[in-house]
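Q: My questions will all concern the structure given below.
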Amino acid sequence: MDRYFLIASTFCFLAAVVHTVIELRAKVFRPMRFNFVAIGLGFIFQTAFLWIRGQELGRCPITNLFEVFAFLAWSVALVYMLVGPAYRLSLMGAFTAPLVLLLQGFALIAPIDTRHAVTVPANSWLEFHASMSLVAYGVFALACIAGVMYLLQERQLKTHHLHSIFYHLPPLTNLFAVITRLLWWGFALYTVGIVSGFFTGHPLPRIQVVAAIALWLLYAAILQARHLKWLAPKRVAALCIIGFSAALALLWGITFTAELHRVP
Amino acid sequence: MNLVCIGLSHHTANVATREQFAGKATAESITRHSGCSEALLLTTCNRVEVYAVSEKRISTDEIARCLIAETNRDPDNYALPFYRYEDNKCVQHLFRVASGLDSMVVGESEIFGQAKKAYELARTSGAVGPYLHRLFQRAFRVAKQVRTHTDIARGAVSVGSVAVELAQRIFGKLTDCKVLVLGAGETSERTTRALVSRGVRNLRVSNRSLDRARELAQIVGGRDVPFDDWVTQCREIDILLTSTASETPLLTSDILAPMLRERLDRPLFIIDVAVPRDVDPSVNELEGVYLYDIDSIRSVAEQSLALRRQQVAAAEAIIANHVTDFFDSISRGLNRLSHPAEHSSLSENPLRASEL
């Protein structure tokens with residue numbers, strides 16, 4: 001039953017993507033409120049899914065890879081709803097929708113919604129640690145999207161070939177300011193998520209801890225390099241994409257090892 | 001009642017012909033001499049058009065005669081380049097004109113202001129009545145809608161406007177940008193004025209002749225910089241506008257690269273409108289540098305025009321909807337107002353009539 005809400009949500013994001021593709025194919029990109037409305041509806045359905053699933057489980061619905069991906073997609077949409085309106089809302093939506101669609105599409109198609117008896121009792125620190133980390137990933141995802149927008153704008157300016165979309169992208173310096181702000185927010189949330197992990201009372205697999213700290217160090221290094229002006233904005237934008245790819249890989253790894261631990 | 005547009009434009013007449021009809025008449029003189037009840041004269045560098053409302057049909061020759069009333073030439077020779085649009089064709093034509101679809105540079109917005117000015121002139125002289133009032137108010141609304149819902153006015157099409165557009169794409173607001181103008185020629189002045197009009201305040205001007213640099217600096221509200229010092233300015237500035245008569249490039253990657261290391265997080269936008277070029281093309285390869293020479297600026301302008309042309313169909317669709325709707329409503333109004341008593345009362349207060 002709850003899956004229907006996620007399917008409905010995925011269709012909303014699909015509508016936003018199709019709308020963008022049609023406009024781009026017509027070589028006329030006009031960001032309209034359509035994307036914002038579609039994503040808003042999608043977000044409502046996502047929330048409904050997570051709420052119902054959470055009620056069923058009696059805990060935060062991040063007990064398997066399917067739920068983790070759904071929660072991550074919800075985090076991305078949430079951060080977009082909070083951040084998007086400040087920065088050309090529809091345009092950011094045009095970039096956000098495909099990412100959410102991919103995450104949810106994968107979650108729905110892949111056979112990863114395996115229900116199993118949860119042996120560990122509900123632990124508020126563990127849930128706080130996991131959910132905070134996932135929201136941080138959502139912020140990193142938006143930073144990655146802003147990075148893609150930056151690189152796209154930068155490329156058009158360098159090559160002197162301006163697509164219709166060029167006129168709807170925010171200015172380079174504004175985009176860089178957005179990236180920096182998102183990186184700081186994501187980093188702060190991720191730090192809280194990691195620190196809270198030490199209060200769960202459960203020993204975490206060493207590989208997970210090492211990988212999480214490595215990701216934390218990567219973002220810390222990007223921010224430090226940005227602060228000391230060692231890196232050009234273009235490289236920071238590229239690193240945002242690399243950082244989020246690493247975050248996704250880590251997320252996969254964490255959930256995968258957690259699944260392995262369950263195998264008798 | 002007849003609604004008609006009679007005129008000539010860059011499509012039908014060359015500038016030598018157009019200039020013989022421009023500035024010779026007023027809306028008020030046209031109503032007086034042609035016998036129409038309402039008239040509006042739209043004169044720009046690309047067109048001379050009369051929009052008129054009359055009880056009986058007015059011939060093109062009559063309008064042509066009004067327009068050339070103060071010349072000694074035979075009006076029959078001039079009637080040829082005039083076009084004539086009646087009723088819904090007239091409405092459609094005005095909507096296209098106000099939206100910039102009939103302009104030489106498709107989508108240009110100047111025509112909108114010119115049409116508003118022409119309307120105000122005709123209104124204050126008493127030549128505009130309820131019909132033209134409604135027609136033009138709708139035309140302004142349509143033009144705004146076309147600009148809002150299509151990309152028809154997007155992109156810049158002149159050197160100055162391309163420079164401003166690109167600068168805004170890089171920096172956003174230009175108020176905090178530091179600009180160095182290298183070479184104080186006419187193109188520099190025009191482009192600098194365009195930048196100043198968009199909020200640039202911090203300007204430096206450098207030229208081989210310091211007097212000329214000082215002169216331009218005073219005109220645009222900047223300060224002059226000795227020509228020997230301009231290179232060091234590249235550490236601080238955000239935009240470099242260059243147009244000197246130098247035979248060899250003044251700025252190369254070797255000169256600029258060391259300075260960029262000190263300003264890694266700030267982009268540098270270079271507009272090189274000099275021929276031969278002042279800036280070596282390899283400078284564009286440097287990180288954070290966006291170099292546009294005269295050819296690339298032209299290329300951007302052409303891309304903008306191509307983009308605007310792609311929007312014409314969408315704009316025409318918006319206009320078509322409005323034409324049908326407006327012509328239906330105005331036809332009903334024209335028939336209703338053909339009763340003399342009603343007509344006179346409404347003519348006294350056209351604004352009130354339009355509100356009805």
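Residues in the structure tokens are named by chain (A, B, ... in the order shown) and by number from 1 within that chain; ligands are numbered from 1 in the order shown.
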Tell me which protein, DNA and RNA residues are within 8 Å of region 215-221 of chain A, counting only C-alpha atoms, leaving out same-chain ones fewer than 2 positions away, and put them as a list of chain:residue names.
A: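 After dropping sequence-adjacent residues, the list is A:Leu183, A:Phe187, A:Tyr190, A:Thr191, A:Ala211, A:Ala212, A:Ile213, A:Leu223, A:Gln224, A:Ala225, A:Gly243, A:Ala246, A:Ala247.
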Q: Mind writing the picked residues with N, CA and C atoms as a short mmCIF file (atom, residue, chain, number, x, y, z; two decimals), in the first residue's frame?
A:
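Output (out.cif):
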```
data_model
loop_
_atom_site.label_atom_id
_atom_site.label_comp_id
_atom_site.auth_asym_id
_atom_site.auth_seq_id
_atom_site.Cartn_x
_atom_site.Cartn_y
_atom_site.Cartn_z
N LEU A 183 27.68 23.56 1.01
CA LEU A 183 28.77 22.72 1.53
C LEU A 183 28.90 22.89 3.04
N PHE A 187 28.14 19.95 5.60
CA PHE A 187 29.26 19.54 6.45
C PHE A 187 28.85 19.58 7.92
N TYR A 190 26.45 16.73 8.61
CA TYR A 190 27.16 15.44 8.55
C TYR A 190 28.01 15.25 9.80
N THR A 191 28.61 16.33 10.27
CA THR A 191 29.42 16.27 11.49
C THR A 191 28.53 15.85 12.67
N ALA A 211 35.13 4.75 6.39
CA ALA A 211 34.61 5.35 5.15
C ALA A 211 33.88 6.66 5.44
N ALA A 212 33.10 6.68 6.53
CA ALA A 212 32.35 7.91 6.87
C ALA A 212 33.32 9.03 7.22
N ILE A 213 34.37 8.69 7.95
CA ILE A 213 35.34 9.73 8.33
C ILE A 213 36.11 10.20 7.08
N LEU A 223 36.23 22.36 1.77
CA LEU A 223 35.88 23.64 2.41
C LEU A 223 37.12 24.41 2.82
N GLN A 224 38.13 23.69 3.31
CA GLN A 224 39.37 24.36 3.71
C GLN A 224 40.04 24.98 2.48
N ALA A 225 40.10 24.21 1.39
CA ALA A 225 40.71 24.73 0.16
C ALA A 225 39.93 25.92 -0.37
N GLY A 243 32.32 14.43 -4.62
CA GLY A 243 31.98 14.21 -3.21
C GLY A 243 30.65 13.50 -3.06
N ALA A 246 30.87 9.94 -4.10
CA ALA A 246 31.51 9.16 -3.04
C ALA A 246 30.51 8.90 -1.91
N ALA A 247 29.69 9.91 -1.61
CA ALA A 247 28.69 9.76 -0.54
C ALA A 247 27.70 8.65 -0.89
#
```
Q: For region 207-218 of chain B, list every protein, DNA or RNA residue within 7 Å, evaluated using only C-alpha atoms, and leave out those in the same chain fewer than 6 positions away; present the list as a PDB file with N, CA and C atoms, in the first residue's frame.
A:
```
ATOM      1  N   LEU B 182      40.534  50.042 -21.287  1.00  0.00           N
ATOM      2  CA  LEU B 182      41.848  50.265 -21.877  1.00  0.00           C
ATOM      3  C   LEU B 182      41.664  50.738 -23.325  1.00  0.00           C
ATOM      4  N   GLY B 183      42.033  51.992 -23.583  1.00  0.00           N
ATOM      5  CA  GLY B 183      41.775  52.587 -24.896  1.00  0.00           C
ATOM      6  C   GLY B 183      40.483  53.378 -24.817  1.00  0.00           C
ATOM      7  N   ALA B 184      40.584  54.644 -25.162  1.00  0.00           N
ATOM      8  CA  ALA B 184      39.426  55.526 -24.924  1.00  0.00           C
ATOM      9  C   ALA B 184      38.710  55.890 -26.218  1.00  0.00           C
ATOM     10  N   ASP B 224      41.274  58.172 -14.096  1.00  0.00           N
ATOM     11  CA  ASP B 224      42.249  57.804 -15.118  1.00  0.00           C
ATOM     12  C   ASP B 224      43.435  57.077 -14.482  1.00  0.00           C
ATOM     13  N   PRO B 226      47.501  55.857 -15.458  1.00  0.00           N
ATOM     14  CA  PRO B 226      48.585  55.972 -16.453  1.00  0.00           C
ATOM     15  C   PRO B 226      48.725  54.678 -17.261  1.00  0.00           C
ATOM     16  N   PHE B 227      49.024  54.811 -18.534  1.00  0.00           N
ATOM     17  CA  PHE B 227      49.062  53.641 -19.411  1.00  0.00           C
ATOM     18  C   PHE B 227      50.086  52.603 -18.943  1.00  0.00           C
TER      19      PHE B 227
END
```
Q: Write out as number ranges by chain the residues lying within 7 Å of region 286-296 of chain B, counting only C-alpha atoms and excluding same-chain residues fewer than 6 positions away.
A: A: 157-158, 160; B: 267-273
Q: Give me, as a Markdown table, the closest atom pair and its distance (Å, one decimal) for every residue of chain B within a cut-off of 7 Å of chain A, counting only C-alpha atoms, rows sorted by chain and rising number.
A:
```
| residue | atom | partner | partner_atom | distance |
| --- | --- | --- | --- | --- |
| B:Gln168 | CA | A:Pro171 | CA | 6.6 |
| B:Arg169 | CA | A:Pro171 | CA | 4.4 |
| B:Ile170 | CA | A:Leu172 | CA | 4.8 |
| B:Phe171 | CA | A:Thr173 | CA | 5.4 |
| B:Gly172 | CA | A:Pro171 | CA | 5.1 |
| B:Leu264 | CA | A:Ala232 | CA | 5.3 |
| B:Asp265 | CA | A:Ala232 | CA | 5.4 |
| B:Tyr290 | CA | A:Lys158 | CA | 5.8 |
| B:Ser296 | CA | A:His160 | CA | 6.6 |
| B:Val300 | CA | A:His160 | CA | 6.8 |
| B:Leu307 | CA | A:Ser164 | CA | 7.0 |
```
Q: Leaving out His19 (chain A) and any residue of its chain fewer than 6 positions from it, which residues lie within 9 Å of it when counting only C-alpha atoms, given as number ranges by chain?
A: A: 34-35, 94
Q: Which residues, written as a count of residues only, have at least one atom at most 9 Å from Val105 (chain B), with only C-alpha atoms counted and residues fewer than 4 positions away on the same chain left out?
A: 4
Q: Which of these residues is nearest to Ala97 (chain A), using only C-alpha atoms: A:Ala110, A:Leu134, A:Leu151, A:Val21?
A: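 Smallest distance to Ala97 (chain A) is found for A:Val21.
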Q: With only C-alpha atoms as the counted atoms, please give the residues lying no more than 10 Å from Thr17 (chain B), apart from itself and same-chain residues fewer than 6 positions off, as a list in words.
A: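 Surrounding residues, per the criterion: Leu8, Ser9, His10, Tyr78 and Pro81 of chain B.
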Q: Which polymer residues have any atom within 7 Å of an atom of Cys5 (chain B), counting only C-alpha atoms, with same-chain residues fewer than 2 positions away left out, as a compact mmCIF listing (two decimals) with C-alpha atoms, in the first residue's frame?
A:
```
# COMPACT_ATOMS: atom_id res chain seq x y z
CA GLY B 7 1.80 52.83 -43.17
CA GLU B 49 2.06 54.14 -39.43
CA VAL B 50 -1.35 55.66 -38.99
CA TYR B 51 -4.00 53.83 -37.00
CA ALA B 52 -7.41 55.30 -37.67
CA ARG B 84 -3.01 48.70 -45.49
CA TYR B 85 -4.47 46.47 -42.78
CA GLU B 86 -8.13 46.56 -41.90
CA CYS B 90 -5.06 45.82 -38.27
```
Q: With distances taken over only C-alpha atoms, which residue among B:Leu41, B:Ile239, B:Val128, B:Ile330 lies nearest Cys177 (chain B)?
A: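 Going through B:Leu41, B:Ile239, B:Val128, B:Ile330 one by one, the smallest distance to Cys177 (chain B) is for B:Ile239.
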Q: Which of these, A:Ile44, A:Cys12, A:Leu103, A:Ile112, has the shortest distance to Phe256 (chain A) once you count only C-alpha atoms?
A: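 Counting only C-alpha atoms, the residue closest to Phe256 (chain A) is A:Ile112.
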Q: I'd like to know which residues of region 40-73 of chain B are helix (DSSP H, G or I) (by DSSP, run on the backbone); could you write them as an NGL selection string?
A: :B and (60-67)
Q: Please, which residues of region 91-263 of chain B, numbered as in this document, come out strand (DSSP E) from DSSP, as a PyMOL selection string?
A: chain B and resi 178-182+202-206+223-225+239-242
Q: Could you write out that same residue set with C-alpha atoms as a PDB file, in the first residue's frame?
A:
```
ATOM      1  CA  LYS B 178      35.706  46.987 -10.832  1.00  0.00           C
ATOM      2  CA  VAL B 179      36.120  47.823 -14.508  1.00  0.00           C
ATOM      3  CA  LEU B 180      39.239  48.895 -16.396  1.00  0.00           C
ATOM      4  CA  VAL B 181      38.718  50.526 -19.781  1.00  0.00           C
ATOM      5  CA  LEU B 182      41.848  50.265 -21.877  1.00  0.00           C
ATOM      6  CA  ASN B 202      34.111  51.586  -9.994  1.00  0.00           C
ATOM      7  CA  LEU B 203      35.707  52.569 -13.314  1.00  0.00           C
ATOM      8  CA  ARG B 204      39.292  53.161 -14.336  1.00  0.00           C
ATOM      9  CA  VAL B 205      40.304  54.442 -17.767  1.00  0.00           C
ATOM     10  CA  SER B 206      43.745  54.023 -19.280  1.00  0.00           C
ATOM     11  CA  ARG B 223      39.338  57.795 -12.724  1.00  0.00           C
ATOM     12  CA  ASP B 224      42.249  57.804 -15.118  1.00  0.00           C
ATOM     13  CA  VAL B 225      45.160  55.401 -14.802  1.00  0.00           C
ATOM     14  CA  ILE B 239      36.090  43.384 -16.089  1.00  0.00           C
ATOM     15  CA  LEU B 240      38.647  44.518 -18.658  1.00  0.00           C
ATOM     16  CA  LEU B 241      37.327  46.362 -21.698  1.00  0.00           C
ATOM     17  CA  THR B 242      40.022  46.892 -24.265  1.00  0.00           C
TER      18      THR B 242
END
```
Q: Calculated over only C-alpha atoms, which of the candidates A:Val192, A:Cys144, A:Ile241, A:Ala77 has the smallest distance to Ile39 (chain A)?
A: A:Ala77
